[in-house]
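The next block is target24.txt, given as compact mmCIF, C-alpha atoms and all ligand atoms.
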# COMPACT_ATOMS: atom_id res chain seq x y z
CA MET A 1154 -22.30 8.29 77.04
CA SER A 1155 -23.92 11.74 77.39
CA ASN A 1156 -26.24 13.09 74.71
CA LEU A 1157 -23.58 15.62 73.74
CA ALA A 1158 -20.97 12.87 73.46
CA LYS A 1159 -23.30 10.97 71.12
CA LEU A 1160 -23.86 14.09 69.03
CA LEU A 1161 -20.11 14.84 68.78
CA ASN A 1162 -19.40 11.24 67.78
CA LYS A 1163 -22.10 11.46 65.13
CA ILE A 1164 -20.57 14.66 63.69
CA TYR A 1165 -17.07 13.17 63.82
CA SER A 1166 -18.13 9.97 62.05
CA ALA A 1167 -20.36 11.51 59.36
CA GLU A 1168 -19.23 11.52 55.74
CA THR A 1169 -21.30 14.69 55.30
CA PRO A 1170 -22.08 16.54 58.54
CA ASP A 1171 -25.71 17.37 59.24
CA LEU A 1172 -26.07 21.16 59.35
CA LYS A 1173 -28.65 20.97 62.15
CA ASP A 1174 -26.17 18.98 64.29
CA LEU A 1175 -23.47 21.59 63.70
CA GLU A 1176 -25.87 24.42 64.54
CA GLN A 1177 -26.91 22.65 67.73
CA VAL A 1178 -23.28 22.51 68.91
CA LEU A 1179 -22.58 26.11 67.85
CA PHE A 1180 -25.55 27.09 70.02
CA LEU A 1181 -24.04 25.60 73.22
CA THR A 1182 -23.12 28.03 75.98
CA GLN A 1183 -22.76 25.93 79.15
CA ARG A 1184 -19.12 25.82 80.28
CA GLY A 1185 -19.13 22.07 80.94
CA GLN A 1186 -20.51 21.36 77.48
CA LEU A 1187 -17.99 23.64 75.80
CA ASP A 1188 -15.20 21.89 77.69
CA GLU A 1189 -16.50 18.53 76.45
CA LEU A 1190 -16.47 19.78 72.85
CA PHE A 1191 -12.99 21.33 73.16
CA SER A 1192 -11.58 18.22 74.78
CA PHE A 1193 -13.00 16.02 71.98
CA ALA A 1194 -11.50 18.32 69.32
CA ASP A 1195 -8.16 18.31 71.14
CA LYS A 1196 -8.10 14.51 70.99
CA VAL A 1197 -8.89 14.56 67.27
CA ARG A 1198 -6.07 17.10 66.76
CA LYS A 1199 -3.67 14.84 68.67
CA GLU A 1200 -4.71 11.81 66.68
CA PHE A 1201 -4.38 13.38 63.24
CA CYS A 1202 -1.70 16.06 63.72
CA GLY A 1203 0.25 15.05 66.84
CA ASP A 1204 1.45 17.39 69.60
CA GLY A 1205 3.75 19.58 67.51
CA VAL A 1206 2.82 23.22 66.95
CA LEU A 1207 3.97 24.34 63.51
CA LEU A 1208 5.24 27.87 62.90
CA ARG A 1209 4.39 29.89 59.80
CA GLY A 1210 6.50 33.06 59.65
CA ILE A 1211 4.59 35.85 57.97
CA ILE A 1212 6.04 38.80 56.06
CA GLU A 1213 3.45 41.38 54.99
CA PHE A 1214 5.37 42.87 52.09
CA SER A 1215 2.78 45.37 50.81
CA ASN A 1216 -0.41 46.90 52.17
CA PHE A 1217 -1.65 48.25 48.85
CA CYS A 1218 -5.06 46.91 47.93
CA SER A 1219 -7.49 47.47 45.08
CA GLN A 1220 -10.51 46.02 46.88
CA GLU A 1221 -13.19 47.33 49.15
CA CYS A 1222 -13.89 44.58 51.70
CA PHE A 1223 -16.20 46.00 54.35
CA TYR A 1224 -14.32 44.48 57.32
CA CYS A 1225 -10.71 45.20 56.39
CA GLY A 1226 -8.58 48.21 57.26
CA LEU A 1227 -6.50 47.82 54.07
CA ASN A 1228 -9.54 48.59 51.88
CA LYS A 1229 -8.72 50.99 49.07
CA SER A 1230 -10.93 53.75 50.47
CA ASN A 1231 -8.96 53.98 53.69
CA HIS A 1232 -6.93 57.04 52.74
CA LYS A 1233 -5.74 57.48 56.32
CA LEU A 1234 -3.51 54.41 56.04
CA LYS A 1235 0.12 54.98 55.03
CA ARG A 1236 0.80 52.55 52.18
CA TYR A 1237 4.09 50.69 51.66
CA ARG A 1238 5.66 48.05 49.49
CA MET A 1239 8.95 46.49 50.63
CA SER A 1240 11.80 46.40 48.12
CA LYS A 1241 13.20 43.08 46.96
CA ASN A 1242 16.34 43.63 49.06
CA GLU A 1243 14.32 44.40 52.19
CA LEU A 1244 12.26 41.30 51.61
CA ILE A 1245 15.22 38.99 51.12
CA GLU A 1246 16.85 40.44 54.25
CA ALA A 1247 13.67 39.73 56.24
CA VAL A 1248 13.55 36.16 54.88
CA ASN A 1249 17.20 35.73 55.82
CA TYR A 1250 16.35 36.56 59.43
CA LEU A 1251 13.30 34.29 59.38
CA ALA A 1252 15.45 31.38 58.15
CA PHE A 1253 18.06 32.21 60.82
CA CYS A 1254 15.28 31.78 63.42
CA ASN A 1255 14.77 28.25 62.08
CA ILE A 1256 11.35 28.96 60.57
CA LYS A 1257 10.63 26.57 57.70
CA THR A 1258 7.48 28.13 56.24
CA LEU A 1259 7.36 31.68 54.91
CA VAL A 1260 4.00 33.32 54.24
CA LEU A 1261 4.31 36.21 51.79
CA GLN A 1262 1.22 38.33 52.21
CA SER A 1263 -0.12 41.56 50.71
CA GLY A 1264 -3.42 43.21 49.91
CA GLN A 1265 -5.06 42.23 46.64
CA GLU A 1266 -3.17 44.64 44.45
CA ASP A 1267 -4.11 44.89 40.77
CA ASN A 1268 -0.66 46.29 39.97
CA LEU A 1269 1.35 43.54 41.62
CA ASP A 1270 4.09 42.65 39.13
CA ALA A 1271 3.92 38.87 38.72
CA LEU A 1272 7.47 38.68 37.39
CA TRP A 1273 8.84 40.73 40.30
CA LEU A 1274 7.26 38.23 42.72
CA LYS A 1275 8.50 35.33 40.58
CA ASP A 1276 12.11 36.60 40.88
CA ILE A 1277 11.73 36.85 44.64
CA ILE A 1278 10.38 33.29 44.86
CA LEU A 1279 13.26 32.00 42.73
CA GLU A 1280 15.84 33.78 44.87
CA ILE A 1281 14.33 32.58 48.16
CA LYS A 1282 14.13 29.01 46.90
CA SER A 1283 17.76 29.10 45.73
CA LYS A 1284 19.03 30.40 49.07
CA PHE A 1285 16.85 28.85 51.77
CA ASN A 1286 15.34 25.46 52.50
CA ILE A 1287 11.86 26.75 53.28
CA ALA A 1288 8.32 26.33 51.97
CA ILE A 1289 6.68 29.41 50.49
CA THR A 1290 3.02 30.20 51.04
CA LEU A 1291 1.62 33.05 48.97
CA SER A 1292 -1.34 35.14 50.08
CA VAL A 1293 -1.86 37.90 47.53
CA GLY A 1294 -5.51 37.44 46.60
CA GLU A 1295 -7.38 36.66 43.40
CA LYS A 1296 -5.08 36.42 40.38
CA SER A 1297 -5.20 34.83 36.93
CA LEU A 1298 -4.43 31.17 36.31
CA ASP A 1299 -1.29 32.28 34.44
CA GLU A 1300 0.02 34.28 37.40
CA TYR A 1301 -0.66 31.41 39.77
CA ARG A 1302 1.17 29.11 37.35
CA ILE A 1303 4.22 31.41 37.05
CA TRP A 1304 4.64 31.47 40.83
CA LYS A 1305 4.07 27.73 41.21
CA GLN A 1306 6.68 26.98 38.56
CA ALA A 1307 9.09 29.35 40.34
CA GLY A 1308 8.76 27.23 43.47
CA ALA A 1309 5.81 28.51 45.53
CA ASP A 1310 4.36 25.61 47.50
CA ARG A 1311 1.15 26.82 49.10
CA TYR A 1312 -1.52 29.50 48.71
CA LEU A 1313 -3.89 31.09 51.21
CA LEU A 1314 -7.10 32.59 49.88
CA LYS A 1315 -9.61 33.20 52.63
CA ILE A 1316 -13.21 33.28 51.53
CA GLU A 1317 -14.51 34.70 54.84
CA THR A 1318 -17.93 33.09 54.26
CA PHE A 1319 -19.25 30.41 51.92
CA ASP A 1320 -22.66 32.04 51.87
CA LYS A 1321 -22.75 33.58 48.37
CA LYS A 1322 -25.27 36.26 49.27
CA LEU A 1323 -23.37 37.33 52.38
CA TYR A 1324 -20.04 37.10 50.53
CA GLU A 1325 -21.16 39.44 47.77
CA SER A 1326 -22.81 41.85 50.20
CA ILE A 1327 -19.54 42.48 52.04
CA HIS A 1328 -17.11 42.30 49.10
CA GLN A 1329 -18.11 45.17 46.87
CA GLY A 1330 -17.52 44.38 43.18
CA MET A 1331 -16.27 40.85 43.84
CA SER A 1332 -17.91 37.60 42.78
CA PHE A 1333 -18.31 34.44 44.83
CA GLU A 1334 -17.92 32.27 41.71
CA LYS A 1335 -14.60 33.94 40.88
CA ARG A 1336 -13.34 33.26 44.41
CA ILE A 1337 -14.26 29.57 44.12
CA LYS A 1338 -12.67 29.41 40.65
CA CYS A 1339 -9.42 30.84 42.05
CA LEU A 1340 -9.45 28.16 44.77
CA ASP A 1341 -10.06 25.48 42.11
CA ASP A 1342 -7.29 26.90 39.88
CA LEU A 1343 -4.82 26.82 42.76
CA ARG A 1344 -5.69 23.22 43.54
CA SER A 1345 -5.40 22.24 39.86
CA LEU A 1346 -1.87 23.69 39.74
CA GLY A 1347 -0.75 21.57 42.67
CA TYR A 1348 -0.63 24.19 45.42
CA GLN A 1349 -1.44 23.17 48.96
CA VAL A 1350 -4.49 25.38 49.41
CA GLY A 1351 -5.72 27.17 52.50
CA SER A 1352 -8.85 29.19 53.12
CA GLY A 1353 -10.81 30.40 56.09
CA ILE A 1354 -13.59 32.47 57.57
CA ILE A 1355 -14.25 35.33 59.97
CA ILE A 1356 -16.56 34.76 62.93
CA GLY A 1357 -18.94 37.58 63.81
CA LEU A 1358 -19.32 39.30 60.44
CA PRO A 1359 -22.44 41.49 60.44
CA GLY A 1360 -25.19 39.43 58.75
CA GLN A 1361 -23.67 36.06 59.67
CA THR A 1362 -25.78 33.52 61.59
CA LEU A 1363 -25.08 30.15 63.24
CA LYS A 1364 -26.62 28.57 60.14
CA THR A 1365 -24.07 30.40 57.97
CA ILE A 1366 -21.21 29.11 60.11
CA ALA A 1367 -22.57 25.55 60.05
CA GLY A 1368 -22.63 25.80 56.25
CA ASP A 1369 -19.04 27.08 56.26
CA ILE A 1370 -17.86 24.10 58.32
CA ALA A 1371 -19.60 21.68 55.94
CA PHE A 1372 -17.96 23.49 53.03
CA PHE A 1373 -14.52 23.08 54.60
CA LYS A 1374 -15.08 19.34 54.48
CA LYS A 1375 -16.29 19.45 50.87
CA MET A 1376 -13.36 21.59 49.68
CA ASP A 1377 -10.84 19.42 51.55
CA PHE A 1378 -8.52 22.36 52.30
CA ASP A 1379 -4.96 21.74 53.44
CA MET A 1380 -5.12 24.71 55.83
CA ILE A 1381 -8.10 26.46 57.46
CA GLY A 1382 -7.91 29.78 59.30
CA ILE A 1383 -10.75 30.87 61.60
CA GLY A 1384 -10.53 34.19 63.41
CA PRO A 1385 -12.92 36.59 65.16
CA PHE A 1386 -14.12 39.78 63.49
CA ILE A 1387 -12.49 42.91 64.95
CA PRO A 1388 -14.06 46.18 63.79
CA HIS A 1389 -11.79 48.80 62.23
CA GLU A 1390 -12.85 52.45 62.35
CA ASN A 1391 -12.01 53.14 58.69
CA THR A 1392 -14.23 50.44 57.22
CA LYS A 1393 -17.92 50.10 56.36
CA PHE A 1394 -18.26 47.80 59.39
CA SER A 1395 -16.75 50.27 61.86
CA LYS A 1396 -19.81 50.04 64.11
CA GLY A 1397 -19.93 46.21 64.10
CA LYS A 1398 -19.59 44.19 67.31
CA PRO A 1399 -16.38 42.16 67.76
CA GLY A 1400 -16.74 38.44 67.08
CA ASP A 1401 -17.51 36.18 70.02
CA VAL A 1402 -14.46 34.29 71.32
CA ASP A 1403 -16.38 31.17 72.40
CA LEU A 1404 -18.14 31.00 69.04
CA THR A 1405 -14.74 31.23 67.32
CA LEU A 1406 -13.38 28.43 69.51
CA LYS A 1407 -16.49 26.29 68.89
CA THR A 1408 -16.01 26.77 65.15
CA ILE A 1409 -12.36 25.74 65.34
CA ALA A 1410 -13.31 22.67 67.37
CA LEU A 1411 -16.11 21.61 65.01
CA THR A 1412 -13.86 22.19 61.99
CA ARG A 1413 -11.30 19.83 63.53
CA LEU A 1414 -14.00 17.21 64.16
CA VAL A 1415 -15.36 17.43 60.64
CA ALA A 1416 -12.26 18.06 58.50
CA LYS A 1417 -9.86 15.95 60.63
CA ASN A 1418 -6.36 16.73 59.35
CA PRO A 1419 -6.01 20.25 57.90
CA HIS A 1420 -3.51 22.57 59.52
CA ILE A 1421 -5.49 25.04 61.64
CA PRO A 1422 -3.80 28.13 63.11
CA ALA A 1423 -4.62 29.76 66.41
CA THR A 1424 -4.89 33.05 64.52
CA THR A 1425 -3.28 36.35 65.42
CA ALA A 1426 -6.81 37.85 65.52
CA LEU A 1427 -7.66 35.38 68.30
CA GLY A 1428 -4.61 36.73 70.11
CA SER A 1429 -5.70 40.33 69.63
CA MET A 1430 -9.00 40.37 71.53
CA ASP A 1431 -9.43 41.63 75.14
CA LYS A 1432 -6.74 39.06 75.95
CA ASP A 1433 -4.64 36.56 74.05
CA TYR A 1434 -6.80 33.48 73.29
CA ARG A 1435 -4.31 31.67 71.08
CA VAL A 1436 -3.58 29.04 73.73
CA ASP A 1437 -7.34 28.40 73.96
CA GLY A 1438 -7.29 27.89 70.20
CA LEU A 1439 -4.42 25.41 70.50
CA LYS A 1440 -6.39 23.52 73.15
CA CYS A 1441 -9.51 23.08 71.00
CA GLY A 1442 -8.12 21.84 67.69
CA ALA A 1443 -5.50 24.29 66.35
CA ASN A 1444 -1.95 23.14 65.60
CA VAL A 1445 -0.26 26.21 64.04
CA LEU A 1446 1.01 29.62 65.21
CA MET A 1447 1.98 32.50 62.94
CA PRO A 1448 4.92 34.60 64.17
CA ASN A 1449 5.20 37.97 62.46
CA PHE A 1450 8.48 38.68 60.63
CA THR A 1451 7.36 41.87 58.91
CA PRO A 1452 10.20 44.26 59.69
CA GLN A 1453 9.77 47.62 61.36
CA PRO A 1454 8.71 50.27 60.47
CA TYR A 1455 6.19 48.54 58.19
CA ARG A 1456 4.48 46.24 60.65
CA LYS A 1457 2.09 48.77 62.16
CA PHE A 1458 0.86 49.77 58.69
CA TYR A 1459 -0.50 46.30 57.91
CA GLU A 1460 -3.57 47.15 59.90
CA ILE A 1461 -6.32 44.79 58.78
CA TYR A 1462 -7.87 45.36 62.20
CA PRO A 1463 -6.78 47.56 65.13
CA GLY A 1464 -4.91 46.34 68.21
CA LYS A 1465 -3.06 43.60 66.35
CA ARG A 1466 -0.88 41.62 68.71
CA CYS A 1467 2.90 42.15 68.80
CA VAL A 1468 3.00 45.14 66.47
CA ASP A 1469 5.77 46.73 68.55
CA GLU A 1470 7.57 43.52 69.40
CA PRO A 1471 11.13 43.21 68.00
CA VAL A 1472 11.19 40.81 65.02
CA GLY A 1473 12.13 37.31 66.16
CA ASN A 1474 10.81 37.63 69.74
CA CYS A 1475 7.74 35.61 68.79
CA ASN A 1476 9.69 32.34 68.79
CA PHE A 1477 10.38 32.51 72.53
CA CYS A 1478 6.83 33.50 73.32
CA MET A 1479 5.36 30.71 71.19
CA ASP A 1480 7.75 28.16 72.60
CA GLY A 1481 6.44 29.09 76.08
CA MET A 1482 2.81 28.86 74.93
CA ALA A 1483 3.32 25.34 73.58
CA LYS A 1484 5.28 24.09 76.61
CA ASN A 1485 2.69 25.43 79.05
CA ILE A 1486 0.10 23.08 77.60
CA GLY A 1487 2.36 20.06 77.24
CA ARG A 1488 3.06 20.57 73.54
CA PHE A 1489 6.22 21.52 71.63
CA ILE A 1490 7.20 23.72 68.69
CA ASP A 1491 7.67 21.59 65.61
CA TYR A 1492 10.38 23.20 63.47
CA SER A 1493 9.78 20.92 60.47
CA ILE A 1494 8.55 22.22 57.11
CA GLY A 1495 5.02 21.09 58.00
CA ASP A 1496 3.59 20.17 54.62
CA SER A 1497 -0.08 19.33 54.25
CA LEU A 1498 -1.11 16.16 56.07
CA LYS A 1499 -3.46 15.39 53.22
CA PHE A 1500 -0.76 13.90 51.03
CA ARG A 1501 0.17 10.38 51.98
CA ASP A 1502 1.84 7.96 49.57
CA GLY A 1503 1.47 10.47 46.75
CA SER A 1504 -2.31 10.79 46.96
CA ARG A 1505 -4.73 12.85 49.00
CA ASP A 1506 -5.65 11.42 52.37
CA LYS A 1507 -8.91 12.89 53.62
CA GLY A 1508 -8.23 11.82 57.16
CA LYS A 1509 -9.23 8.34 58.08
CA LEU A 1510 -11.42 7.83 61.11
CA SER A 1511 -9.93 6.31 64.16
CA PRO A 1512 -11.13 2.71 64.52
CA LEU A 1513 -11.32 3.53 68.21
CA VAL A 1514 -13.93 6.25 67.84
CA GLY A 1515 -16.35 6.13 70.70
CA THR A 1516 -13.97 4.34 73.02
CA VAL A 1517 -10.78 6.40 73.10
CA LEU A 1518 -12.07 9.75 71.97
CA LEU A 1519 -14.71 9.93 74.64
S1 LIG B 1601 -9.42 41.61 52.83
FE1 LIG B 1601 -7.74 41.55 51.34
S2 LIG B 1601 -8.72 42.17 49.41
FE2 LIG B 1601 -10.08 42.79 51.03
S3 LIG B 1601 -9.53 44.93 51.48
FE3 LIG B 1601 -8.38 43.61 52.90
S4 LIG B 1601 -6.44 43.24 51.92
FE4 LIG B 1601 -7.84 44.03 50.35
Is it possible to express this structure as C-alpha cells?
Amino acid sequence: MSNLAKLLNKIYSAETPDLKDLEQVLFLTQRGQLDELFSFADKVRKEFCGDGVLLRGIIEFSNFCSQECFYCGLNKSNHKLKRYRMSKNELIEAVNYLAFCNIKTLVLQSGQEDNLDALWLKDIILEIKSKFNIAITLSVGEKSLDEYRIWKQAGADRYLLKIETFDKKLYESIHQGMSFEKRIKCLDDLRSLGYQVGSGIIIGLPGQTLKTIAGDIAFFKKMDFDMIGIGPFIPHENTKFSKGKPGDVDLTLKTIALTRLVAKNPHIPATTALGSMDKDYRVDGLKCGANVLMPNFTPQPYRKFYEIYPGKRCVDEPVGNCNFCMDGMAKNIGRFIDYSIGDSLKFRDGSRDKGKLSPLVGTVLL
C-alpha cells in the first residue's frame, strides 16, 4: 500500500479527522496522486450512495436580498441588478413543468430578503404539496424559528443554508453585519424542527487557506449534514471581491473528495458553479464523490437576473433541456439518473445513520 493510500485509509477510518492529514491531502498537486484520491472517493460514493445521480430542480423565485455578502452578485448594494420576485401563479406554473419533467425534488431559492412574507411562502408550499408528489427544499436564508416552523408544518422537507466557511473570523469578515453564532443557531433550529439540513462552502474565498478548508471538512463531519455543497469562488464585478482570483478547480475537487471520505453519506452536488468555470467540470465532480446535479427550472426571463456570479451555466438554455444533458453526463461515466425523491441517506430505521464504515476498508477500497 502506498503512503498516500495509508493516509487516505486513515482519514476514511477516523472518528474525528486529523486536520494536518486533511491539509496534507489538500496540498497534493501531482496528477497521479490526485487520481488516487478521486478514485478512493468515488468508491466511497458508490458504497454509500450507489451509482444513481439525483436531480434537484431549482427555481430561483426572487433575487431581492437584504445582505451584503462580499462574494455575491445579489448583494443589496448591487444597484445595477434588475430585481424580480415571481408571482405565486408563475411559481406554481414553473413547478408544474418541473413535475412534468419527472423531477422529485424542488429547491425554492431566493436572496435573504427581510420582507419575505412567511405566510405567502407557506401558501405556496401547501399548494405544491397538495398538487405534486415532490420534496421541497427551501433556501431563503436566515429566518426566525417561528418562520422555519410555519414552513415545516406546511410541508417543507429540507433546508439549505450555506455557511461558506466555518472559520468565524473569516465568516464575519466577508458577511458584513452578520454573525457566525446566528448562522449556527439557524442550522441548529432547522435540525431541531426535523428538516433535512444542507450547508456548504466556497473554495477560493479571499483570506481562505488550506487550514481553513481542512477545518471546514472536519466541521461537516461534526454537523452531520444531510447535504453538502462545495463550489469554486467566481468573482463578480459588482461585489467587494470583484478583483479576487477564481477558485482553483483541483482544490474544489479535492475538497469534494475529502468530504466524501470523511462524511460518508451526505448528498453532495456537482455544483452549477463547478460547471461555470473555463469549462464544465461537473462530470469531474461526479467522478470524485458527488452524487447530485441541479437542473435550473427558473423560467425566462428571470433566470439571467439570478446572477450570484457571472457566466452561470445554462442561463439561456430552454427550461427542461437540462434533463437530457444530465442524462448524457451520467451515462458517459457509467452512472444513471435516479428519478426517486432522494431523501437523506442519514435516516435509516427511523434514526440517524452517520454512515457505517465498510468492513472491507483497506481491501476493497484500495
Ligand atoms: S449570498 Fe445570499 S444573503 Fe448573501 S448577498 Fe447573496 S443572496 Fe444575499
Closest of A:Glu1280, A:Asp1174, A:Asp1401, A:Glu1460 to ligand LIG 1601 (chain B), counting only C-alpha atoms and all ligand atoms, is A:Glu1460
May I ask for the distance between CA of Lys1457 in chain A and CA of Thr1258 in chain A, given in Å to one decimal place?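 Calculated distance between CA of Lys1457 in chain A and CA of Thr1258 in chain A is 22.1 Å.
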Box dimensions and centre (Å, one decimal) enclosing range 1473-1485 of chain A, axis-aligned, 4 Å extra per side, as lines of an AutoDock Vina configuration file:
center_x = 7.4
center_y = 30.9
center_z = 72.6
size_x = 17.4
size_y = 21.5
size_z = 20.9
Any residue with an atom at most 12 Å from ligand LIG 1601 (chain B) counts, using all atoms listed in the file. Which are they? Put them as a PyMOL selection string. chain A and resi 1213-1231+1236+1262-1267+1292-1296+1313-1317+1324+1327-1331+1336+1353-1355+1386+1389+1391-1393+1458-1462
With only C-alpha atoms as the atoms that count, which of A:Val1415, A:Lys1233, A:Gly1442, A:Glu1325 lies nearest to Thr1169 in chain A?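 Using only C-alpha atoms, the shortest distance to Thr1169 in chain A belongs to A:Val1415.
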Kindly indicate which residue among A:Leu1175, A:Leu1498, A:Leu1244, A:Leu1160 lies nearest to Lys1407 in chain A, using only C-alpha atoms for the distances.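 Smallest separation from Lys1407 in chain A among the options: A:Leu1175.
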Give me the residues within 6 Å of range 1444-1450 of chain A as a ChimeraX atom specification, counting all atoms listed in the file and dropping any in the same chain fewer than 6 places off. /A:1206-1212,1421-1423,1472,1475
Dump of C-alpha atoms for the selected residues, as a PDB file, in the coordinates of the input:
ATOM      1  CA  VAL A1206       2.820  23.220  66.950  1.00  0.00           C
ATOM      2  CA  LEU A1207       3.970  24.340  63.510  1.00  0.00           C
ATOM      3  CA  LEU A1208       5.240  27.870  62.900  1.00  0.00           C
ATOM      4  CA  ARG A1209       4.390  29.890  59.800  1.00  0.00           C
ATOM      5  CA  GLY A1210       6.500  33.060  59.650  1.00  0.00           C
ATOM      6  CA  ILE A1211       4.590  35.850  57.970  1.00  0.00           C
ATOM      7  CA  ILE A1212       6.040  38.800  56.060  1.00  0.00           C
ATOM      8  CA  ILE A1421      -5.490  25.040  61.640  1.00  0.00           C
ATOM      9  CA  PRO A1422      -3.800  28.130  63.110  1.00  0.00           C
ATOM     10  CA  ALA A1423      -4.620  29.760  66.410  1.00  0.00           C
ATOM     11  CA  VAL A1472      11.190  40.810  65.020  1.00  0.00           C
ATOM     12  CA  CYS A1475       7.740  35.610  68.790  1.00  0.00           C
TER      13      CYS A1475
END
Spatial neighbours of Phe1372 in chain A, 12 Å, all atoms listed in the file, chain gap at least 2 places, as JSON, numbers by chain: {"A": [1169, 1170, 1171, 1172, 1316, 1317, 1318, 1319, 1320, 1337, 1352, 1353, 1354, 1365, 1366, 1367, 1368, 1369, 1370, 1374, 1375, 1376, 1377, 1378, 1381, 1412, 1415, 1416]}
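For the atom pair formed by CA of Leu1157 in chain A and CA of Cys1202 in chain A, the distance is 24.1 Å, given to one decimal.
Every protein or nucleic acid residue with an atom no more than 10 Å from Lys1241 in chain A, counting all atoms listed in the file and leaving out same-chain residues fewer than 2 positions away, appears here: A:Phe1214, A:Arg1238, A:Met1239, A:Glu1243, A:Leu1244, A:Ile1245, A:Glu1246, A:Ala1247, A:Trp1273, A:Leu1274, A:Asp1276, A:Ile1277, A:Glu1280.
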Using Å and a single decimal, report how far CA of Asp1491 in chain A sits from CA of Ser1192 in chain A. 21.6 Å
